[in-house]
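Undergrad: Pasting work20.cif below, which is mmCIF, C-alpha atoms.
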```
data_query
loop_
_atom_site.label_atom_id
_atom_site.label_comp_id
_atom_site.auth_asym_id
_atom_site.auth_seq_id
_atom_site.Cartn_x
_atom_site.Cartn_y
_atom_site.Cartn_z
CA MET A 1 -69.43 266.73 154.63
CA GLY A 2 -71.68 266.30 157.65
CA PHE A 3 -70.79 267.70 161.02
CA GLY A 4 -67.14 266.82 160.91
CA ASN A 5 -65.95 265.39 164.17
CA ILE A 6 -69.12 265.34 166.23
CA LYS A 7 -67.20 264.80 169.44
CA SER A 8 -65.25 268.00 168.94
CA LYS A 9 -66.52 271.41 169.91
CA ASP A 10 -66.41 272.46 166.28
CA GLY A 11 -68.54 269.55 165.14
CA GLN A 12 -71.06 270.21 167.86
CA LYS A 13 -71.20 273.84 166.90
CA GLN A 14 -72.10 272.78 163.37
CA LEU A 15 -74.74 270.48 164.75
CA ASN A 16 -76.06 273.36 166.80
CA ASP A 17 -76.32 275.66 163.79
CA PHE A 18 -77.91 272.90 161.77
CA LEU A 19 -80.56 272.25 164.41
CA ALA A 20 -81.40 275.89 165.00
CA ASP A 21 -84.42 275.66 162.71
CA ARG A 22 -84.90 271.91 162.79
CA SER A 23 -86.30 269.57 165.38
CA TYR A 24 -84.77 266.46 163.84
CA ILE A 25 -81.79 265.67 161.66
CA GLU A 26 -84.06 264.74 158.77
CA GLY A 27 -87.65 265.67 158.13
CA TYR A 28 -90.24 266.19 160.83
CA VAL A 29 -90.20 262.88 162.65
CA PRO A 30 -87.41 261.14 164.53
CA SER A 31 -85.60 258.74 162.23
CA GLN A 32 -82.53 256.56 162.05
CA ALA A 33 -80.64 259.68 161.06
CA ASP A 34 -81.14 260.96 164.59
CA VAL A 35 -80.05 257.64 166.01
CA VAL A 36 -76.81 257.66 164.01
CA VAL A 37 -75.88 261.17 165.08
CA PHE A 38 -77.04 260.61 168.65
CA GLU A 39 -74.99 257.45 169.01
CA ALA A 40 -71.94 259.17 167.61
CA MET A 41 -72.02 261.75 170.36
CA SER A 42 -69.92 261.17 173.42
CA GLY A 43 -72.14 263.15 175.77
CA ALA A 44 -74.43 266.10 176.04
CA PRO A 45 -73.28 269.24 174.26
CA SER A 46 -72.48 272.24 176.39
CA ALA A 47 -75.23 274.58 177.48
CA ASP A 48 -74.29 277.42 175.14
CA LEU A 49 -75.10 275.16 172.19
CA CYS A 50 -78.77 275.40 173.08
CA HIS A 51 -80.15 273.92 169.86
CA ALA A 52 -77.89 270.90 169.93
CA LEU A 53 -78.63 270.44 173.61
CA ARG A 54 -82.37 270.60 173.02
CA TRP A 55 -82.11 267.94 170.36
CA PHE A 56 -79.83 265.84 172.54
CA ASN A 57 -82.25 265.99 175.45
CA HIS A 58 -85.08 265.17 173.11
CA MET A 59 -83.24 262.09 171.92
CA SER A 60 -82.34 261.14 175.48
CA SER A 61 -86.04 261.10 176.32
CA TYR A 62 -86.52 258.07 174.07
CA LYS A 63 -85.68 254.53 175.02
CA LYS A 64 -83.42 252.30 172.96
CA PRO A 65 -86.15 249.92 171.67
CA GLU A 66 -88.22 252.91 170.67
CA MET A 67 -85.35 254.23 168.59
CA GLN A 68 -85.01 250.94 166.73
CA SER A 69 -88.54 251.30 165.41
CA TRP A 70 -87.98 254.70 163.83
CA PRO A 71 -88.14 254.92 160.05
CA GLY A 72 -85.19 255.31 157.76
CA VAL A 73 -82.04 253.43 157.01
CA LYS A 74 -78.85 254.08 158.86
CA GLN A 75 -76.22 255.78 156.79
CA PRO A 76 -72.67 256.77 157.60
CA LEU A 77 -72.50 259.77 159.89
CA GLY A 78 -70.91 261.89 157.18
CA ASN A 79 -74.04 261.74 155.07
CA TYR A 80 -76.06 263.74 157.54
CA GLY A 81 -76.05 267.36 158.37
CA PRO A 82 -75.08 270.38 156.32
CA LYS A 83 -74.07 269.41 152.83
CA GLY A 84 -70.81 270.95 151.86
CA GLY A 85 -70.48 269.68 148.33
CA ALA A 86 -69.25 266.23 149.27
CA PRO A 87 -69.94 263.70 146.52
CA ALA A 88 -72.00 261.55 148.87
CA ALA A 89 -74.31 264.43 149.57
CA ALA A 90 -75.60 264.79 146.02
CA GLY A 91 -77.59 261.58 145.90
CA ASP A 92 -79.40 261.57 149.19
CA ASP A 93 -81.04 264.90 148.82
CA ASP A 94 -84.58 263.89 147.94
CA ASP A 95 -84.89 260.98 150.33
CA ASP A 96 -87.12 262.08 153.10
CA ASP A 97 -88.45 265.51 152.48
CA ASP A 98 -90.98 264.51 149.89
CA ASP A 99 -93.71 266.66 151.30
CA ASP A 100 -92.00 269.99 151.53
CA ASP A 101 -90.13 270.11 148.26
CA ASP A 102 -92.99 271.54 146.27
CA ILE A 103 -93.89 274.20 148.78
CA ASP A 104 -90.42 275.42 149.57
CA LEU A 105 -90.48 278.23 147.09
CA PHE A 106 -87.55 280.25 148.25
CA GLY A 107 -85.61 277.96 150.45
CA SER A 108 -83.37 275.50 148.81
CA ASP A 109 -82.64 272.43 150.83
CA ASP A 110 -79.44 272.05 148.93
CA GLU A 111 -76.91 273.50 151.30
CA ALA A 112 -74.11 272.78 148.88
CA GLU A 113 -75.62 275.10 146.37
CA THR A 114 -76.05 277.77 149.00
CA ALA A 115 -72.54 277.39 150.26
CA ALA A 116 -71.19 277.63 146.73
CA ALA A 117 -73.36 280.63 145.99
CA GLU A 118 -72.32 282.27 149.21
CA LYS A 119 -68.68 281.67 148.44
CA LEU A 120 -69.12 283.17 145.01
CA LYS A 121 -70.87 286.14 146.52
CA GLU A 122 -68.08 286.63 149.01
CA GLU A 123 -65.49 286.46 146.27
CA ARG A 124 -67.35 289.03 144.27
CA LEU A 125 -67.70 291.26 147.26
CA ALA A 126 -64.00 290.99 147.93
CA ALA A 127 -63.21 291.76 144.31
CA TYR A 128 -65.53 294.72 144.40
CA ALA A 129 -64.03 296.02 147.62
CA ALA A 130 -60.54 295.67 146.18
CA LYS A 131 -61.57 297.52 143.07
CA LYS A 132 -63.21 300.22 145.09
CA SER A 133 -60.23 300.71 147.34
CA LYS A 134 -57.97 301.12 144.33
CA LYS A 135 -60.08 303.79 142.77
CA PRO A 136 -59.23 306.75 145.00
CA ALA A 137 -55.57 306.10 144.22
CA LEU A 138 -56.26 307.17 140.65
CA ILE A 139 -55.67 310.90 140.57
CA ALA A 140 -58.42 312.88 138.96
CA LYS A 141 -56.97 315.28 136.47
CA SER A 142 -58.40 317.94 134.23
CA MET A 143 -57.19 319.77 131.22
CA ILE A 144 -58.00 323.46 131.30
CA ILE A 145 -57.64 325.94 128.47
CA LEU A 146 -57.39 329.53 129.64
CA ASP A 147 -57.91 332.71 127.67
CA VAL A 148 -55.68 335.45 129.00
CA LYS A 149 -56.55 338.89 127.69
CA PRO A 150 -54.12 341.80 127.75
CA TRP A 151 -54.97 345.47 128.29
CA ASP A 152 -54.19 346.71 124.80
CA ASP A 153 -52.22 346.01 121.66
CA GLU A 154 -49.06 347.35 123.20
CA THR A 155 -48.85 344.68 125.84
CA ASP A 156 -45.90 342.42 125.30
CA MET A 157 -47.48 339.04 124.80
CA THR A 158 -44.23 337.14 125.28
CA GLU A 159 -43.97 338.79 128.68
CA VAL A 160 -47.55 337.74 129.45
CA GLU A 161 -46.78 334.16 128.54
CA LYS A 162 -43.59 334.19 130.58
CA SER A 163 -45.47 335.49 133.62
CA VAL A 164 -48.20 332.90 133.30
CA ARG A 165 -45.72 330.10 132.91
CA SER A 166 -43.87 331.35 135.97
CA ILE A 167 -46.77 330.22 138.12
CA ALA A 168 -45.64 326.92 139.48
CA THR A 169 -47.33 324.80 142.05
CA ASP A 170 -47.76 321.14 142.91
CA GLY A 171 -50.13 319.42 140.51
CA LEU A 172 -49.94 322.01 137.78
CA VAL A 173 -48.32 321.45 134.41
CA TRP A 174 -48.43 324.05 131.69
CA GLY A 175 -49.05 322.92 128.15
CA THR A 176 -49.00 324.53 124.75
CA SER A 177 -50.00 328.09 124.11
CA LYS A 178 -50.85 330.23 121.13
CA LEU A 179 -51.78 333.78 120.40
CA VAL A 180 -55.21 334.30 118.99
CA PRO A 181 -55.95 337.64 117.30
CA LEU A 182 -59.03 339.38 118.66
CA ALA A 183 -59.46 342.79 117.08
CA TYR A 184 -57.51 346.00 116.43
CA GLY A 185 -54.27 344.09 116.65
CA ILE A 186 -55.02 342.88 120.11
CA LYS A 187 -54.13 339.27 120.67
CA LYS A 188 -55.13 337.03 123.52
CA LEU A 189 -53.04 334.26 124.92
CA GLN A 190 -54.64 330.86 124.85
CA ILE A 191 -52.77 328.48 127.09
CA SER A 192 -53.55 324.97 128.16
CA CYS A 193 -52.60 323.27 131.37
CA VAL A 194 -53.16 319.98 133.13
CA VAL A 195 -54.09 320.12 136.80
CA GLU A 196 -54.77 317.59 139.52
CA ASP A 197 -58.31 318.33 140.64
CA ASP A 198 -57.57 317.96 144.32
CA LYS A 199 -54.62 320.28 144.32
CA VAL A 200 -55.31 323.04 141.82
CA GLY A 201 -58.60 324.74 141.04
CA THR A 202 -59.60 327.23 138.39
CA ASP A 203 -60.05 329.91 141.04
CA PHE A 204 -56.43 329.60 142.01
CA LEU A 205 -55.33 329.85 138.37
CA GLU A 206 -57.45 332.90 137.66
CA GLU A 207 -56.32 334.68 140.79
CA SER A 208 -52.69 333.93 140.16
CA ILE A 209 -52.80 335.12 136.57
CA THR A 210 -54.77 338.29 137.22
CA ALA A 211 -52.17 339.07 139.87
CA PHE A 212 -49.95 340.19 136.99
CA GLU A 213 -52.12 343.24 136.65
CA ASP A 214 -49.61 345.15 134.55
CA TYR A 215 -50.20 342.78 131.70
CA VAL A 216 -53.42 340.95 132.27
CA GLN A 217 -56.86 342.43 132.01
CA SER A 218 -58.90 339.31 132.53
CA VAL A 219 -58.79 335.52 132.48
CA ASP A 220 -61.50 333.19 131.24
CA VAL A 221 -61.75 329.45 131.29
CA ALA A 222 -62.23 328.53 127.64
CA ALA A 223 -62.46 324.79 128.16
CA PHE A 224 -62.46 322.40 131.06
CA ASN A 225 -62.12 318.70 130.40
CA LYS A 226 -61.83 315.85 132.84
CA ILE A 227 -59.17 313.42 131.83
CA MET B 1 -111.72 285.08 169.21
CA ALA B 2 -109.75 284.21 166.17
CA VAL B 3 -111.47 283.84 162.87
CA GLY B 4 -112.28 280.30 161.87
CA VAL B 5 -112.58 278.91 165.34
CA GLU B 6 -115.33 276.54 164.17
CA GLU B 7 -112.94 275.15 161.59
CA GLU B 8 -110.38 274.79 164.29
CA VAL B 9 -112.67 272.74 166.52
CA LYS B 10 -113.64 270.59 163.55
CA SER B 11 -110.07 269.90 162.62
CA LEU B 12 -109.32 268.95 166.21
CA VAL B 13 -112.28 266.55 166.06
CA ASN B 14 -110.82 265.11 162.86
CA PHE B 15 -107.37 264.88 164.28
CA LEU B 16 -108.64 262.93 167.27
CA GLY B 17 -110.66 260.63 165.05
CA LEU B 18 -113.95 261.50 166.75
CA PRO B 19 -117.39 261.53 165.14
CA ALA B 20 -118.63 264.91 163.93
CA TYR B 21 -120.04 267.34 166.49
CA LYS B 22 -122.29 270.29 165.95
CA VAL B 23 -120.12 273.38 166.33
CA THR B 24 -121.41 276.93 166.32
CA THR B 25 -120.12 280.27 167.51
CA HIS B 26 -121.78 282.46 170.04
CA GLY B 27 -121.94 286.20 170.41
CA ASP B 28 -119.77 289.00 169.07
CA LEU B 29 -116.62 287.44 170.37
CA LYS B 30 -117.30 284.25 168.39
CA VAL B 31 -116.97 281.96 171.34
CA PRO B 32 -117.25 278.41 170.00
CA GLN B 33 -120.05 276.19 171.24
CA LEU B 34 -120.19 272.47 170.91
CA GLN B 35 -123.14 270.17 171.44
CA THR B 36 -122.15 266.94 173.09
CA SER B 37 -123.90 263.64 172.42
CA ASN B 38 -125.94 263.82 175.61
CA GLY B 39 -127.37 267.19 174.66
CA ARG B 40 -125.21 269.45 176.79
CA THR B 41 -123.61 272.53 175.31
CA LEU B 42 -119.99 273.35 175.98
CA MET B 43 -118.69 276.87 175.53
CA GLY B 44 -115.19 278.14 175.07
CA LEU B 45 -112.23 276.85 173.19
CA ALA B 46 -110.27 275.60 176.19
CA THR B 47 -113.25 273.67 177.52
CA ILE B 48 -114.12 272.18 174.17
CA SER B 49 -110.62 271.12 173.28
CA LYS B 50 -110.13 269.49 176.66
CA PHE B 51 -113.44 267.69 176.34
CA LEU B 52 -112.53 266.44 172.88
CA ALA B 53 -109.12 265.23 173.96
CA LYS B 54 -110.65 263.40 176.91
CA SER B 55 -113.26 261.82 174.65
CA SER B 56 -110.71 260.31 172.33
CA ALA B 57 -109.54 256.99 173.62
CA SER B 58 -106.71 256.58 171.16
CA ASN B 59 -104.94 259.92 170.89
CA GLY B 60 -106.39 261.84 173.77
CA ALA B 61 -104.39 260.47 176.66
CA LYS B 62 -101.09 261.42 175.07
CA LEU B 63 -102.33 264.84 174.10
CA LEU B 64 -103.45 265.66 177.62
CA GLY B 65 -100.20 264.66 179.19
CA THR B 66 -99.49 261.84 181.57
CA SER B 67 -98.33 263.48 184.76
CA PRO B 68 -100.05 266.08 186.94
CA GLU B 69 -97.33 268.54 185.93
CA GLU B 70 -98.16 268.06 182.28
CA HIS B 71 -101.88 268.48 182.94
CA ALA B 72 -101.16 271.74 184.66
CA GLU B 73 -98.88 272.98 181.91
CA ILE B 74 -101.45 272.20 179.25
CA ALA B 75 -104.11 274.05 181.21
CA GLN B 76 -101.78 277.01 181.40
CA TRP B 77 -101.16 277.07 177.65
CA LEU B 78 -104.85 276.72 176.86
CA GLU B 79 -105.40 279.76 179.00
CA TYR B 80 -102.53 281.51 177.27
CA ARG B 81 -104.12 280.82 173.90
CA VAL B 82 -107.43 282.36 174.93
CA THR B 83 -106.11 285.26 176.95
CA VAL B 84 -102.89 286.22 175.17
CA VAL B 85 -102.72 284.79 171.66
CA ASP B 86 -106.27 285.64 170.69
CA ARG B 87 -106.09 289.08 172.20
CA SER B 88 -102.81 290.15 170.68
CA VAL B 89 -103.97 292.27 167.82
CA GLU B 90 -101.69 295.27 168.02
CA LYS B 91 -98.30 294.83 166.41
CA LYS B 92 -96.45 295.45 169.63
CA ASP B 93 -98.54 292.92 171.54
CA VAL B 94 -97.88 290.35 168.87
CA GLN B 95 -94.18 291.05 168.98
CA ALA B 96 -94.07 290.78 172.76
CA MET B 97 -95.93 287.48 172.58
CA LEU B 98 -93.63 286.08 169.89
CA LYS B 99 -90.62 287.15 171.88
CA GLU B 100 -91.93 285.39 174.94
CA LEU B 101 -92.76 282.22 173.03
CA ASN B 102 -89.43 282.35 171.26
CA SER B 103 -87.48 282.28 174.47
CA TYR B 104 -89.76 279.61 175.92
CA LEU B 105 -89.28 277.32 172.93
CA LEU B 106 -85.52 277.71 172.80
CA ASP B 107 -84.87 274.38 174.51
CA LYS B 108 -88.07 272.60 173.56
CA VAL B 109 -89.34 270.74 170.55
CA TYR B 110 -92.96 270.99 171.63
CA PHE B 111 -94.63 273.04 174.32
CA LEU B 112 -94.40 270.22 176.81
CA GLY B 113 -90.87 269.44 175.81
CA PHE B 114 -90.63 266.33 173.73
CA HIS B 115 -94.04 265.22 172.59
CA LEU B 116 -97.00 266.79 170.87
CA SER B 117 -99.78 267.88 173.19
CA LEU B 118 -103.05 269.72 173.11
CA ALA B 119 -101.13 272.90 173.93
CA ASP B 120 -99.28 272.69 170.60
CA LEU B 121 -102.44 272.13 168.61
CA VAL B 122 -104.32 274.96 170.23
CA ILE B 123 -101.48 277.46 170.00
CA TYR B 124 -100.68 276.35 166.46
CA HIS B 125 -104.19 277.27 165.41
CA GLY B 126 -104.06 280.51 167.33
CA LEU B 127 -100.72 281.54 165.88
CA HIS B 128 -101.47 280.54 162.31
CA PRO B 129 -102.86 283.93 161.24
CA VAL B 130 -99.93 285.62 162.97
CA MET B 131 -97.33 283.46 161.27
CA CYS B 132 -98.97 284.09 157.89
CA GLN B 133 -98.36 287.79 158.40
CA LEU B 134 -94.71 287.55 159.31
CA ASN B 135 -92.05 288.34 156.77
CA PHE B 136 -88.95 286.22 156.43
CA TYR B 137 -86.93 288.55 158.55
CA GLU B 138 -89.34 288.18 161.45
CA LYS B 139 -89.57 284.45 160.94
CA GLN B 140 -85.86 284.26 161.43
CA GLN B 141 -85.98 286.68 164.31
CA TYR B 142 -88.39 284.35 166.11
CA GLN B 143 -86.52 281.30 164.94
CA ASN B 144 -87.56 279.02 167.77
CA VAL B 145 -91.21 279.80 167.21
CA SER B 146 -90.72 279.20 163.50
CA ARG B 147 -89.02 275.89 164.08
CA TRP B 148 -91.75 274.75 166.45
CA PHE B 149 -94.48 275.96 164.09
CA ASP B 150 -92.94 274.22 161.12
CA GLN B 151 -92.58 271.06 163.15
CA VAL B 152 -96.20 271.12 164.28
CA GLN B 153 -97.62 271.88 160.86
CA HIS B 154 -95.74 268.88 159.48
CA TYR B 155 -97.03 266.58 162.21
CA PRO B 156 -99.32 264.09 160.46
CA GLY B 157 -102.94 265.22 160.66
CA VAL B 158 -102.41 268.60 162.27
CA GLN B 159 -102.44 270.98 159.35
CA GLN B 160 -105.78 270.05 157.75
CA HIS B 161 -107.65 273.07 156.37
CA LEU B 162 -104.98 275.64 157.15
CA PRO B 163 -102.55 276.66 154.43
CA LYS B 164 -98.96 275.74 155.03
CA VAL B 165 -96.73 278.56 156.18
CA VAL B 166 -93.47 278.67 154.30
CA PHE B 167 -90.21 278.78 156.18
CA VAL B 168 -86.80 279.04 154.65
CA ARG B 169 -84.15 276.63 155.64
CA ASN B 170 -81.28 278.94 154.94
CA SER B 171 -80.37 281.84 157.12
CA LEU B 172 -81.22 284.90 155.12
CA TYR B 173 -79.98 287.33 157.67
CA THR B 174 -76.77 286.83 159.54
CA SER B 175 -77.09 289.21 162.45
CA PHE B 176 -78.82 286.87 164.90
CA ASP B 177 -77.52 284.60 167.58
CA HIS B 178 -80.62 282.54 168.06
#
```
Before we go any further, please render this structure as structure tokens.
TA:
Amino acid sequence: MGFGNIKSKDGQKQLNDFLADRSYIEGYVPSQADVVVFEAMSGAPSADLCHALRWFNHMSSYKKPEMQSWPGVKQPLGNYGPKGGAPAAAGDDDDDDDDDDDIDLFGSDDEAETAAAEKLKEERLAAYAAKKSKKPALIAKSMIILDVKPWDDETDMTEVEKSVRSIATDGLVWGTSKLVPLAYGIKKLQISCVVEDDKVGTDFLEESITAFEDYVQSVDVAAFNKI
Amino acid sequence: MAVGVEEEVKSLVNFLGLPAYKVTTHGDLKVPQLQTSNGRTLMGLATISKFLAKSSASNGAKLLGTSPEEHAEIAQWLEYRVTVVDRSVEKKDVQAMLKELNSYLLDKVYFLGFHLSLADLVIYHGLHPVMCQLNFYEKQQYQNVSRWFDQVQHYPGVQQHLPKVVFVRNSLYTSFDH
């Protein structure tokens, strides 16, 4: 992929980034690679591209005959610079840096690989972010089973149930109910409901139900399940 | 004085292609001493390295610079090595030094600009223990120093006995401008 159009600002920016941690285009000595890139440039890069400018000035300090004697073989401009997965880039990877390959434990000189890995990473991050942003939209719900106990065996349990079911609020849906015998003919009302966690809490339910104090002695939460 | 200053003088002798000299260190501060062929003793790293560079017919002239300006600059960096690099022991001193060098090296390949000089060799040796201690984050933080250091250690003949310091070619951290 190379630097793209080296005469354009964009191409020079790429050259600048590439040269940030390098003194030469390839390896640690000036080579024909530098000559090719240098000759392709139309003039000095602007001052804000300090790395490219440093390299450019460095190259300018050499004379033409000197440059001819540098090692290396001239290749097309596109073969130099950051490797962006272009087919030409695959072959010329191990040319010049014979001495640092074995020591470069963490750094891979293969920019294509890095770029691909980075892209993959970005995609994953994006996917993760999307997933994460969706999550709060899912409403957390719970199923609660309440035990409602009357005062005595004379309490009208149908009236109790009617009162409980009369409690209506946003995020609260009443479910099935049944009467469970306790002792001495006293029955308790076991009623289930589904609530949205954010909107309805057990405290609210207990308070609302015990508000019917003519019928209700106490309310217990028998079961609480997240759905 | 940095540890291994004898080794440093010896590797400079090697680099310049000179015959072996007798090198010792003197005193608590480990000031290097070198016995010249006519029996005189030279003390101090700056003195010795200048002497060695002058003695070498082949490489020396280039290393010492060609113009009066370059001579002066090299003298300044030799002084810097002895007075700043070797005396920066505290973390904050080291960081201040690296910051200074980093901004100095922004637009330079070598200390004198575009060719290797004695200043590079002497500061390379002085900074080697410091660079060994840096983590990858710091190496990227002082990117210009890292680039220069990597360049010098790959210069044929410079590295010698010192272990190579590893630099990564990929940006690990994205929050830097330079």
Undergrad: Using all atoms listed in the file, find the one residue out of B:Asn59, B:Gln140, B:Gln133, B:Asn14 that sits nearest to B:Val94.
TA: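 Between B:Asn59, B:Gln140, B:Gln133, B:Asn14, the residue approaching B:Val94 most closely is B:Gln133.
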Undergrad: Taking only C-alpha atoms into account, what are the residues of chain A at most 6 Å from chain B, put as a list in words?
TA: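 Close to chain B, chain A has Asp21, Arg22, Tyr28, Arg54, His58 and Gly107 of chain A.
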Undergrad: What's the separation between atom CA of B:Ala61 and atom CA of B:Ala75, in Å to one decimal place?
TA: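 Computed distance, atom CA of B:Ala61 to atom CA of B:Ala75, equals 14.3 Å.
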Undergrad: Contacts of A:Tyr215 at 10 Å or less, counting all atoms listed in the file, minus same-chain residues fewer than 6 places along, as a list in words?
TA: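 Listing them by chain and then by number gives Val148, Lys149, Pro150, Trp151, Asp152, Glu154, Thr155, Asp156, Met157, Glu159, Val160, Glu161, Ser163 and Ile209 of chain A.
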Undergrad: With C-alpha atoms retained, write the just-selected residues as a short mmCIF file (atom, residue, chain, number, x, y, z; two decimals), keeping the file's coordinate frame.
TA:
```cif
data_model
loop_
_atom_site.label_atom_id
_atom_site.label_comp_id
_atom_site.auth_asym_id
_atom_site.auth_seq_id
_atom_site.Cartn_x
_atom_site.Cartn_y
_atom_site.Cartn_z
CA VAL A 148 -55.68 335.45 129.00
CA LYS A 149 -56.55 338.89 127.69
CA PRO A 150 -54.12 341.80 127.75
CA TRP A 151 -54.97 345.47 128.29
CA ASP A 152 -54.19 346.71 124.80
CA GLU A 154 -49.06 347.35 123.20
CA THR A 155 -48.85 344.68 125.84
CA ASP A 156 -45.90 342.42 125.30
CA MET A 157 -47.48 339.04 124.80
CA GLU A 159 -43.97 338.79 128.68
CA VAL A 160 -47.55 337.74 129.45
CA GLU A 161 -46.78 334.16 128.54
CA SER A 163 -45.47 335.49 133.62
CA ILE A 209 -52.80 335.12 136.57
#
```
Undergrad: Can you work out which one of B:Lys99, B:Lys50, B:Lys91, B:Arg81 has the shortest atom-to-atom distance to B:Tyr124, counting only C-alpha atoms?
TA: B:Arg81
Undergrad: Go through the shown structure with the PyMOL selection byres ((chain A and resi 218-220) around 12) and write out the matching residues as an MDAnalysis selection string.
TA: chainID A and resid 144:152 160 164 188:192 202:217 221:224
Undergrad: On this structure, the PyMOL selection byres ((chain B and resi 82) around 9) would catch which residues? List them as an NGL selection string, sorted by chain and number.
TA: :B and (1 or 44-46 or 77-81 or 83-87 or 126)
Undergrad: Considering all atoms listed in the file, can you say which of A:Leu53, A:Ser42, A:Ser8, A:Ser23 comes closest to B:Phe149?
TA: A:Ser23
Undergrad: Determine the residue membership of the PyMOL selection byres ((chain B and resi 48) around 10) for the file above and supply it as a list in words.
TA: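 When the PyMOL selection byres ((chain B and resi 48) around 10) is applied, the selected residues are Val9, Leu12, Val23, Pro32, Gln33, Leu34, Gln35, Thr36, Thr41, Leu42, Met43, Gly44, Leu45, Ala46, Thr47, Ser49, Lys50, Phe51, Leu52, Ala53 and Lys54 of chain B.
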